[in-house]
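Novice: Take a look at the following structure, please.
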Amino acid sequence: MLDNSEGYVAEDGRKIGGVVMEMKNITLRFGGVVAIKDISFDIREGEIRAIIGPNGAGKSSMLNVISGFYVPQEGEVWFHGSKRPPMRPFEVAQQGIARTFQNIALFEGMSVLDNVMTGRLGFMKTNILQQALWKGKAEAEETENREAVEKIIDFLEIQHIRKTPVSRLPYGLKKRVELARALAAEPKLLLLDEPMAGMNVEEKEDMSRFILDVNDEFGTTIALIEHDMGVVMDLSDRVVVMDYGKKIGDGTPDEVRNNQEVIDAYLGVSHD
Amino acid sequence: MGRRERLAQTQSGAGGMQSLPALLHRNVTQFGDAPAYREKEFGIWQCWSWAETAKEIRAIALGFLEIGVEKGDHIAVIGRNRPAHYWSMVAAQMVGAIPVPLYQDAVAEEMTYVMEHCGAKYVVCGDQEQVDKVIEIQEKVHQIKHILYTDKRGMRKYDHSQMNALEDIMAEGSAGHARFDAELDKRIAEITYDDTCVMLYTSGTTGKPKGVVLSNRNVIESAKNSADFDHLTRNEDILSYLPMAWVGDFIFSIGQAYWCGFCVNCPESADTMMTDLREIGPTYFFAPPRVFETQLTNVMIRMEDAGKLKQRMFHHFMAHAKKVGGLLLDGKPVGFGDKLKYALGNLLVYGPLKDTLGYGRFRVGYTAGEAIGPEIFDFYRSLGINLKQLYGQTEATVFITVQPDGEVRADTVGVPAPDVELKIDDSGEIHYRSPGVFVEYYNNPDSTASTKDAEGWVATGDAGFIEESSGHLRIIDRAKDVGKMADGSMFAPKYVENKLKFYPDILEVVLFGNGKDRCVAFINIDLTAVGNWAERNNVAYASYQELAGHPRVLETIRGHVEAVNKSVAADEMLSGCQVHRFVVLHKELDADDGEMTRTRKVRRGFVEEKFHDIIAALYDGSGQVSTTTEVTYEDGRKGSISATLEIVDAPVVPVVQHKVAAE
C-alpha cells in the first residue's frame, strides 16, 4: 500500500496528492447476496477516480459505501486519515462529500435556482423563523449563498434555465442541474453515479468537459461510476474495475485496458 | 448636403470627432457618469459608465502596447457580444491597429482562410472553445504572435508562452503605464478620418469571404446620418446580441452607440437573449425577420394554450389592432371610437403583450437582411411597435435605403438614406454612392474594381426598381439569381421563396427552375411550429427527419404551396415561377454544412450541387428519392444521414397568357 504522503503526477501533468479516502477490505452483503467482496482501493486528492464494471458488478453499492449510505459488514472506510464510523447522510455531507444520482433526484417542482440553492443548506445558519421574516442576517446570508450559486450556474452554463422548473427540462440538462447542486455544497470529494447515462454524444462531451473543468478549476477530487468505457478512459486518472462484486483490476486507463481479466469480463470468455 | 456638413462640424467641435477614441473622449467629458455598457453576469446586470469604460479600454490599449502591437497590425476578435470584446476593438483602434471581428460559430476550417487573408498577428478569443480553434488554425497559419482570451475557465493548463488572459495584459499594461502612456497618446493623436476603422468579412453567398475595409469616415458619417434620421439620443438602450462580425452590430453597438452616447446591453448568454430582452426593454432594436417570426410563433403557440376568455380577448383586440393600429402608428386619421377601443386594447392586450416580448419601451427598430412576411410585419406594427425596414450592405456601412416614419410598408425598403444617391442600371441592378461607401476589399483590387467604379458608385448585386408613386425602392431578388425560364419568362426565386417562408410551418425554401420549363422546390419545416402542431394532433415522431417526412406534414405543406401558387399566378411577370413539385428535406440547411452563410442566406449554387440527385428526381417525375447527405457536427466531425424522401406534386394554376406577358 502506498504511503499517505506520497502522490503521483497524472498523464496531463497535474499533481495528484495523498490519499483522501481509503477502502480497506470492504464486504457488503444484502441477506445472502454478496454485493461487494473484499475490495480495497484508495482515492487520492485531486484525482478523477473511476469505478467501472458490467451491469450488476456492484458499482453503485460501492458508491453508496463511499457516500456512507451503506455500512459494510466487513472492512473499514478511512477518510482523511481516520477511520469513519457509521454515519447518517447529513453527517457525510458535512464532511465535504457530495453526490449525484443515477436516477436523477431533484425537486421536480422547484426552479433550477432553488434546486441548486438547496445544495447550500449546509452553509446557512439562520433558523426557519429568521428566514421567513427575511430580515438582516437571513437576507445577507441568502445574498451570499446566491452569489456562490450564481457562480456555479455560470460555470455550468445553465443561465438560460435559471428560473425554469426542473420538471420541464430535458434529461441532459437535469443531470447538469444535479451536478450544480452537488457543486453548490463545495465538496472536497464529489461522487458521480453514471453522469453520462442516457445522454447523446454531444451531451456526453459537454458533461465530460464540465467534469474536467470542475476538477481543474476547484481541485475537487472526483469518484465516478460509468459504464461508457470510452468516456471513462478519457476522463479518469485511475480506474477500479469490478465484476460480480470483486475487484478485477486497478490502475491507469492503459493498464486496465490491457488487463486480461478486464477484457474477459467485458467481452466475455469462451468456456471450452 | 452643405447644411449637413456644417451641422457635423458644429456637433464635432474643434479638432473634430474623427475616430471612435475621440468620440469616447467626448462622451467621457460630457456625460462620464451615464451608463455605457451593461452585461448580465451571475444573474445581475453589471454596469459600466462612460468614464469606467474609457479606463477599461485604455488598460486594454496599454496591454496591447505591452505585448508589442504595432500600427497597422490586424487584431482578430472572436467571441460573443461582451463589453470586453467591444472594448478590445476600440482599444485596437487606439494603438493604430485594425480590429477584425469574426463569426464565433465558424469552424476552424472556415476561419483559417480569413485569418490567413487578414494576416492577424493577435487574436482576442472569448473562451477556451475559440482558443482551441485558433490553436488548430496555427497548424496552417503561422503569423499569429499572441492569443488573448476573456474567459479564464479551463485555460490553466495551456502553454502560456504566447497566450494571456486579457485582464492580465490589462493589469500589466496599467502597471507599466508610465512606459506606454506617451506612446499611446501619440498613436491616438495620429488617427485620421481616413484611417481604417474596422475590417469586416462578408460571408458571401458565393466564393471566398472578402474583407471589407471601412474607414473612420465611413463609420462615423453613417452613424451620424442614421442617428439624425431616427432622432436617436444618448438615452437609448440597445440589446447587442447579433454576431459581432456583422456590419450591423458594428454600426449599432459601436458606431451609433459612440456617436449618440447610448448604452449597449450584452446578454448573459446566447440562450438567455429573450429573457434579457424583456429585462432591458430596448428603445432601439434591430433584428433579422427570423427573430420576429420566432417570437410571433411563440406568442401564437402560447395563446393556444391559454384559457378561453383570454383567447377571445386576444383575438378580438388583435383584429381591432389590425384595423387601426398601423394607421395610428403612421399618424393617419382614425375615428374617435376606434381610438378609444385601441386604448382599451392597449390596456388589456397590447401593453402586456409588448412587455412580455420586451418591446414595452420600443421607440424605433429595424428588420433587414431578408424580406419579412407582411403579416408578421403588420402584427408588430399594429401593436404600436415602430418596426421599419431598411436595405443595406457591408460595403455601404449598412445604410442604403430606410423607411421614414409614417411611410412604412411591408413590400418596400424605403427611400435613400441621408446622403445616399441611388440609380438603377439598364439590367435592373441597384447602384449607390454615399459617404459610407467602403474603401476597398482588403488585398483584392480586382474585386474592388468590379464592385466600385471610379466615381464611387457601388453595384449591389441586387435587382430592384423605384416605385414611381412613392419613390420607395423595391427589391426583386439577387441580380445573379434572377434568370429566365425555358420559355423566356422571368425566374425570381426569392419572390416565391419568401411567400412560402411567411408560413410559420416553413423555415426555409430553395426554388429551382432557371432555364427549365417549370419550377421545383426544397422545403425545410420549422421544428418549433410543426412540432407543436404534431403534439396538438397526436402525431408521434422520433426525429426531425421523421416529422419532416410525415404524410400529414406533407399534406399541410402542399396546401401552403397551392395557396402560394395561386398568388404567384396572379403576378403577370412571375406566373411561371409556380412550384410544380417539391420535397421536404430531411435535414435543416445549415451554415456548418456550407449550405448557408453565417448570416443564414442560402448558398444556392452549393445546395444545387450537393443535392443534385434530389433535383434530378424532382424533374424526372419519380415519386421518391433515396439520398445520403454528409453532415458536419458542431465539433467539426462529419457524419452522414440517409433518407428516402417523398416527392409531392403541387397543384398549379394554368397560365395561358404568360408568354405574351414575358415578351
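All residue names refer to the C-alpha cells as shown: chains lettered A, B, ... in order, residues numbered from 1 in each chain, ligands numbered from 1 in order.
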What are the nearest atom pairs, with distances in Å to one decimal, for all residues of chain B that come at most 7 Å from chain A, using only C-alpha atoms, set out by chain and rising residue number as CSV?

Specialist:
```
residue,atom,partner,partner_atom,distance
B:Phe42,CA,A:Glu150,CA,4.9
B:Gly43,CA,A:Glu150,CA,6.5
B:Gly154,CA,A:Asp213,CA,5.7
B:Asp271,CA,A:His160,CA,5.5
B:Thr272,CA,A:His160,CA,4.7
```

Novice: Hey, can you spit out that residue selection with N, CA and C atoms as an mmCIF file, in the first residue's frame?

Specialist:
```
data_model
loop_
_atom_site.group_PDB
_atom_site.id
_atom_site.type_symbol
_atom_site.label_atom_id
_atom_site.label_comp_id
_atom_site.auth_asym_id
_atom_site.auth_seq_id
_atom_site.Cartn_x
_atom_site.Cartn_y
_atom_site.Cartn_z
ATOM 1 N N PHE B 42 -23.614 36.524 -13.610
ATOM 2 C CA PHE B 42 -24.013 35.975 -12.311
ATOM 3 C C PHE B 42 -25.423 36.437 -11.935
ATOM 4 N N GLY B 43 -26.293 36.536 -12.950
ATOM 5 C CA GLY B 43 -27.694 36.853 -12.688
ATOM 6 C C GLY B 43 -27.980 38.308 -12.408
ATOM 7 N N GLY B 154 -10.924 26.869 -17.723
ATOM 8 C CA GLY B 154 -10.329 25.744 -18.442
ATOM 9 C C GLY B 154 -9.017 26.079 -19.124
ATOM 10 N N ASP B 271 -28.376 31.885 -25.132
ATOM 11 C CA ASP B 271 -29.646 31.236 -24.821
ATOM 12 C C ASP B 271 -30.584 32.097 -23.977
ATOM 13 N N THR B 272 -30.047 33.102 -23.321
ATOM 14 C CA THR B 272 -30.897 33.909 -22.451
ATOM 15 C C THR B 272 -31.393 35.165 -23.137
#
```

Novice: Name all residues at most 10 Å from Phe491 (chain B) (count only C-alpha atoms; drop same-chain ones fewer than 4 positions away) and give them as a PyMOL selection string.

Specialist: chain B and resi 477+481-486+495-496+511-516+518-519+573-578

Novice: For those residues, write C-alpha atoms to a file as a PDB file, in the first residue's frame.

Specialist:
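Written file, out18.pdb:
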```pdb
ATOM      1  CA  ASP B 477     -34.010  39.447 -55.929  1.00  0.00           C
ATOM      2  CA  ASP B 481     -30.288  34.757 -59.048  1.00  0.00           C
ATOM      3  CA  VAL B 482     -32.800  36.306 -61.407  1.00  0.00           C
ATOM      4  CA  GLY B 483     -32.895  34.181 -64.505  1.00  0.00           C
ATOM      5  CA  LYS B 484     -35.121  33.074 -67.300  1.00  0.00           C
ATOM      6  CA  MET B 485     -37.295  30.032 -67.587  1.00  0.00           C
ATOM      7  CA  ALA B 486     -37.069  27.875 -70.708  1.00  0.00           C
ATOM      8  CA  TYR B 495     -40.113  36.191 -54.556  1.00  0.00           C
ATOM      9  CA  VAL B 496     -41.703  32.757 -54.368  1.00  0.00           C
ATOM     10  CA  LEU B 511     -36.580  27.265 -55.569  1.00  0.00           C
ATOM     11  CA  PHE B 512     -35.034  25.852 -58.726  1.00  0.00           C
ATOM     12  CA  GLY B 513     -36.091  26.438 -62.297  1.00  0.00           C
ATOM     13  CA  ASN B 514     -33.578  28.664 -64.043  1.00  0.00           C
ATOM     14  CA  GLY B 515     -33.514  27.567 -67.691  1.00  0.00           C
ATOM     15  CA  LYS B 516     -36.091  24.859 -67.029  1.00  0.00           C
ATOM     16  CA  ARG B 518     -41.100  24.568 -64.590  1.00  0.00           C
ATOM     17  CA  CYS B 519     -40.062  25.242 -61.012  1.00  0.00           C
ATOM     18  CA  MET B 573     -44.327  38.866 -64.584  1.00  0.00           C
ATOM     19  CA  LEU B 574     -43.654  35.875 -62.366  1.00  0.00           C
ATOM     20  CA  SER B 575     -46.531  33.500 -63.001  1.00  0.00           C
ATOM     21  CA  GLY B 576     -44.103  30.998 -64.489  1.00  0.00           C
ATOM     22  CA  CYS B 577     -42.474  30.521 -61.096  1.00  0.00           C
ATOM     23  CA  GLN B 578     -45.212  28.358 -59.603  1.00  0.00           C
TER      24      GLN B 578
END
```

Novice: List as a PyMOL selection string the protein and nucleic acid residues near region 323-329 of chain B, meaning an atom at most 9 Å away when only C-alpha atoms are counted, but skip any in the same chain fewer than 5 places from it.

Specialist: chain B and resi 318+334+338-339+342+378-386+405-406

Novice: Which residues are close to region 118-120 of chain A, i.e. within 10 Å by only C-alpha atoms, leaving aside same-chain residues fewer than 4 positions away? Reply as an mmCIF file with N, CA and C atoms, in the first residue's frame.

Specialist:
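Result file is result_35.cif:
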```
data_model
loop_
_atom_site.group_PDB
_atom_site.id
_atom_site.type_symbol
_atom_site.label_atom_id
_atom_site.label_comp_id
_atom_site.auth_asym_id
_atom_site.auth_seq_id
_atom_site.Cartn_x
_atom_site.Cartn_y
_atom_site.Cartn_z
ATOM 1 N N ALA A 93 -22.396 14.607 4.378
ATOM 2 C CA ALA A 93 -22.384 15.863 3.637
ATOM 3 C C ALA A 93 -21.532 16.892 4.363
ATOM 4 N N ALA A 98 -20.225 15.181 -1.626
ATOM 5 C CA ALA A 98 -21.499 15.433 -2.297
ATOM 6 C C ALA A 98 -21.634 14.464 -3.454
ATOM 7 N N LEU A 106 -33.902 15.262 -8.187
ATOM 8 C CA LEU A 106 -34.063 16.703 -7.976
ATOM 9 C C LEU A 106 -35.477 16.980 -7.481
ATOM 10 N N PHE A 107 -35.702 18.196 -6.996
ATOM 11 C CA PHE A 107 -37.061 18.604 -6.631
ATOM 12 C C PHE A 107 -37.742 19.094 -7.894
ATOM 13 N N LEU A 113 -32.764 27.285 -9.998
ATOM 14 C CA LEU A 113 -32.081 28.104 -8.999
ATOM 15 C C LEU A 113 -32.344 27.577 -7.590
ATOM 16 N N ASP A 114 -33.614 27.305 -7.280
ATOM 17 C CA ASP A 114 -33.959 26.818 -5.936
ATOM 18 C C ASP A 114 -33.332 25.458 -5.667
ATOM 19 N N MET A 124 -26.001 27.548 5.623
ATOM 20 C CA MET A 124 -26.965 28.504 6.170
ATOM 21 C C MET A 124 -27.136 28.269 7.659
ATOM 22 N N GLU A 142 -28.665 34.870 2.470
ATOM 23 C CA GLU A 142 -29.175 34.411 1.183
ATOM 24 C C GLU A 142 -28.392 35.058 0.034
ATOM 25 N N ASN A 145 -25.069 33.326 -0.328
ATOM 26 C CA ASN A 145 -25.172 31.993 -0.910
ATOM 27 C C ASN A 145 -25.639 32.033 -2.357
ATOM 28 N N ARG A 146 -26.493 33.021 -2.646
ATOM 29 C CA ARG A 146 -26.958 33.169 -4.024
ATOM 30 C C ARG A 146 -25.772 33.467 -4.935
ATOM 31 N N ALA A 148 -22.698 32.504 -4.561
ATOM 32 C CA ALA A 148 -21.969 31.257 -4.801
ATOM 33 C C ALA A 148 -22.708 30.408 -5.838
ATOM 34 N N VAL A 149 -24.037 30.369 -5.722
ATOM 35 C CA VAL A 149 -24.845 29.571 -6.639
ATOM 36 C C VAL A 149 -24.762 30.139 -8.059
ATOM 37 N N GLU A 178 -28.195 18.623 -11.450
ATOM 38 C CA GLU A 178 -27.802 17.812 -10.309
ATOM 39 C C GLU A 178 -26.340 18.026 -9.963
ATOM 40 N N ALA A 180 -24.752 20.720 -10.579
ATOM 41 C CA ALA A 180 -24.693 22.065 -9.997
ATOM 42 C C ALA A 180 -25.020 22.021 -8.512
ATOM 43 N N ARG A 181 -26.053 21.266 -8.159
ATOM 44 C CA ARG A 181 -26.450 21.205 -6.756
ATOM 45 C C ARG A 181 -25.348 20.580 -5.905
ATOM 46 N N ALA A 182 -24.743 19.521 -6.450
ATOM 47 C CA ALA A 182 -23.647 18.882 -5.717
ATOM 48 C C ALA A 182 -22.487 19.858 -5.540
ATOM 49 N N LEU A 183 -22.185 20.624 -6.595
ATOM 50 C CA LEU A 183 -21.080 21.576 -6.519
ATOM 51 C C LEU A 183 -21.368 22.698 -5.530
ATOM 52 N N ALA A 184 -22.648 23.047 -5.409
ATOM 53 C CA ALA A 184 -23.028 24.144 -4.511
ATOM 54 C C ALA A 184 -22.595 23.842 -3.079
ATOM 55 N N ALA A 185 -22.500 22.567 -2.747
ATOM 56 C CA ALA A 185 -22.087 22.187 -1.398
ATOM 57 C C ALA A 185 -20.570 22.332 -1.211
ATOM 58 N N GLU A 186 -19.880 22.785 -2.258
ATOM 59 C CA GLU A 186 -18.418 22.940 -2.245
ATOM 60 C C GLU A 186 -17.724 21.694 -1.701
#
```

Novice: I need the strand (DSSP E) residues of region 23-87 of chain A per DSSP on the backbone, written as a VMD selection string.

Specialist: chain A and resid 23 to 30 33 to 44 48 to 52 74 to 79 82 to 83

Novice: Between CA of Phe123 (chain A) and CA of Glu141 (chain A), what distance in Å does the model show, to one decimal?

Specialist: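 Distance reported for this atom pair: 8.8 Å.
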
Novice: When DSSP is applied to the backbone of this structure, which of region 91-126 of chain A are assigned alpha helix (DSSP H)? Write them out as a list of chain:residue names.

Specialist: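 Everything in region 91-126 of chain A that counts as alpha helix (DSSP H) is A:Glu91, A:Val92, A:Ala93, A:Gln94, A:Val112, A:Leu113, A:Asp114, A:Asn115, A:Val116, A:Met117, A:Thr118.
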
Novice: Could you give me, as a list in words, the residues within 12 Å of Ser543 (chain B), counting only C-alpha atoms and dropping anything in the same chain fewer than 2 positions from it?

Specialist: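 Surrounding residues, per the criterion: Leu527, Gly531, Ala540, Tyr541, Gln545, Glu546, Leu547, Ala548, Gly549, His550, His586 and Lys587 of chain B.
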
Novice: For the residues in the current selection, export C-alpha atoms as a short mmCIF file (atom, residue, chain, number, x, y, z; two decimals), in the first residue's frame.

Specialist:
```cif
data_model
loop_
_atom_site.label_atom_id
_atom_site.label_comp_id
_atom_site.auth_asym_id
_atom_site.auth_seq_id
_atom_site.Cartn_x
_atom_site.Cartn_y
_atom_site.Cartn_z
CA LEU B 527 -39.42 22.38 -35.99
CA GLY B 531 -43.53 20.12 -33.58
CA ALA B 540 -45.83 10.90 -32.87
CA TYR B 541 -42.33 11.40 -34.21
CA GLN B 545 -36.33 13.55 -40.23
CA GLU B 546 -39.40 11.54 -39.31
CA LEU B 547 -41.51 14.62 -38.70
CA ALA B 548 -40.39 16.18 -41.96
CA GLY B 549 -41.48 13.10 -43.87
CA HIS B 550 -44.81 12.61 -42.10
CA HIS B 586 -34.68 15.51 -44.24
CA LYS B 587 -32.24 17.97 -42.65
#
```

Novice: At a cut-off of 12 Å, using only C-alpha atoms, what residues contact Lys55 (chain B)? Leave out same-chain residues fewer than 2 positions from it and give the result as a PyMOL selection string.

Specialist: chain B and resi 21+24-25+28+32+48-53+57-62+84+87+90-91+170-171+173-174

Novice: Which value, in Å to one decimal, gives the distance between CA of Arg217 (chain B) and CA of Thr597 (chain B)?

Specialist: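 These atoms are spaced 28.2 Å apart.
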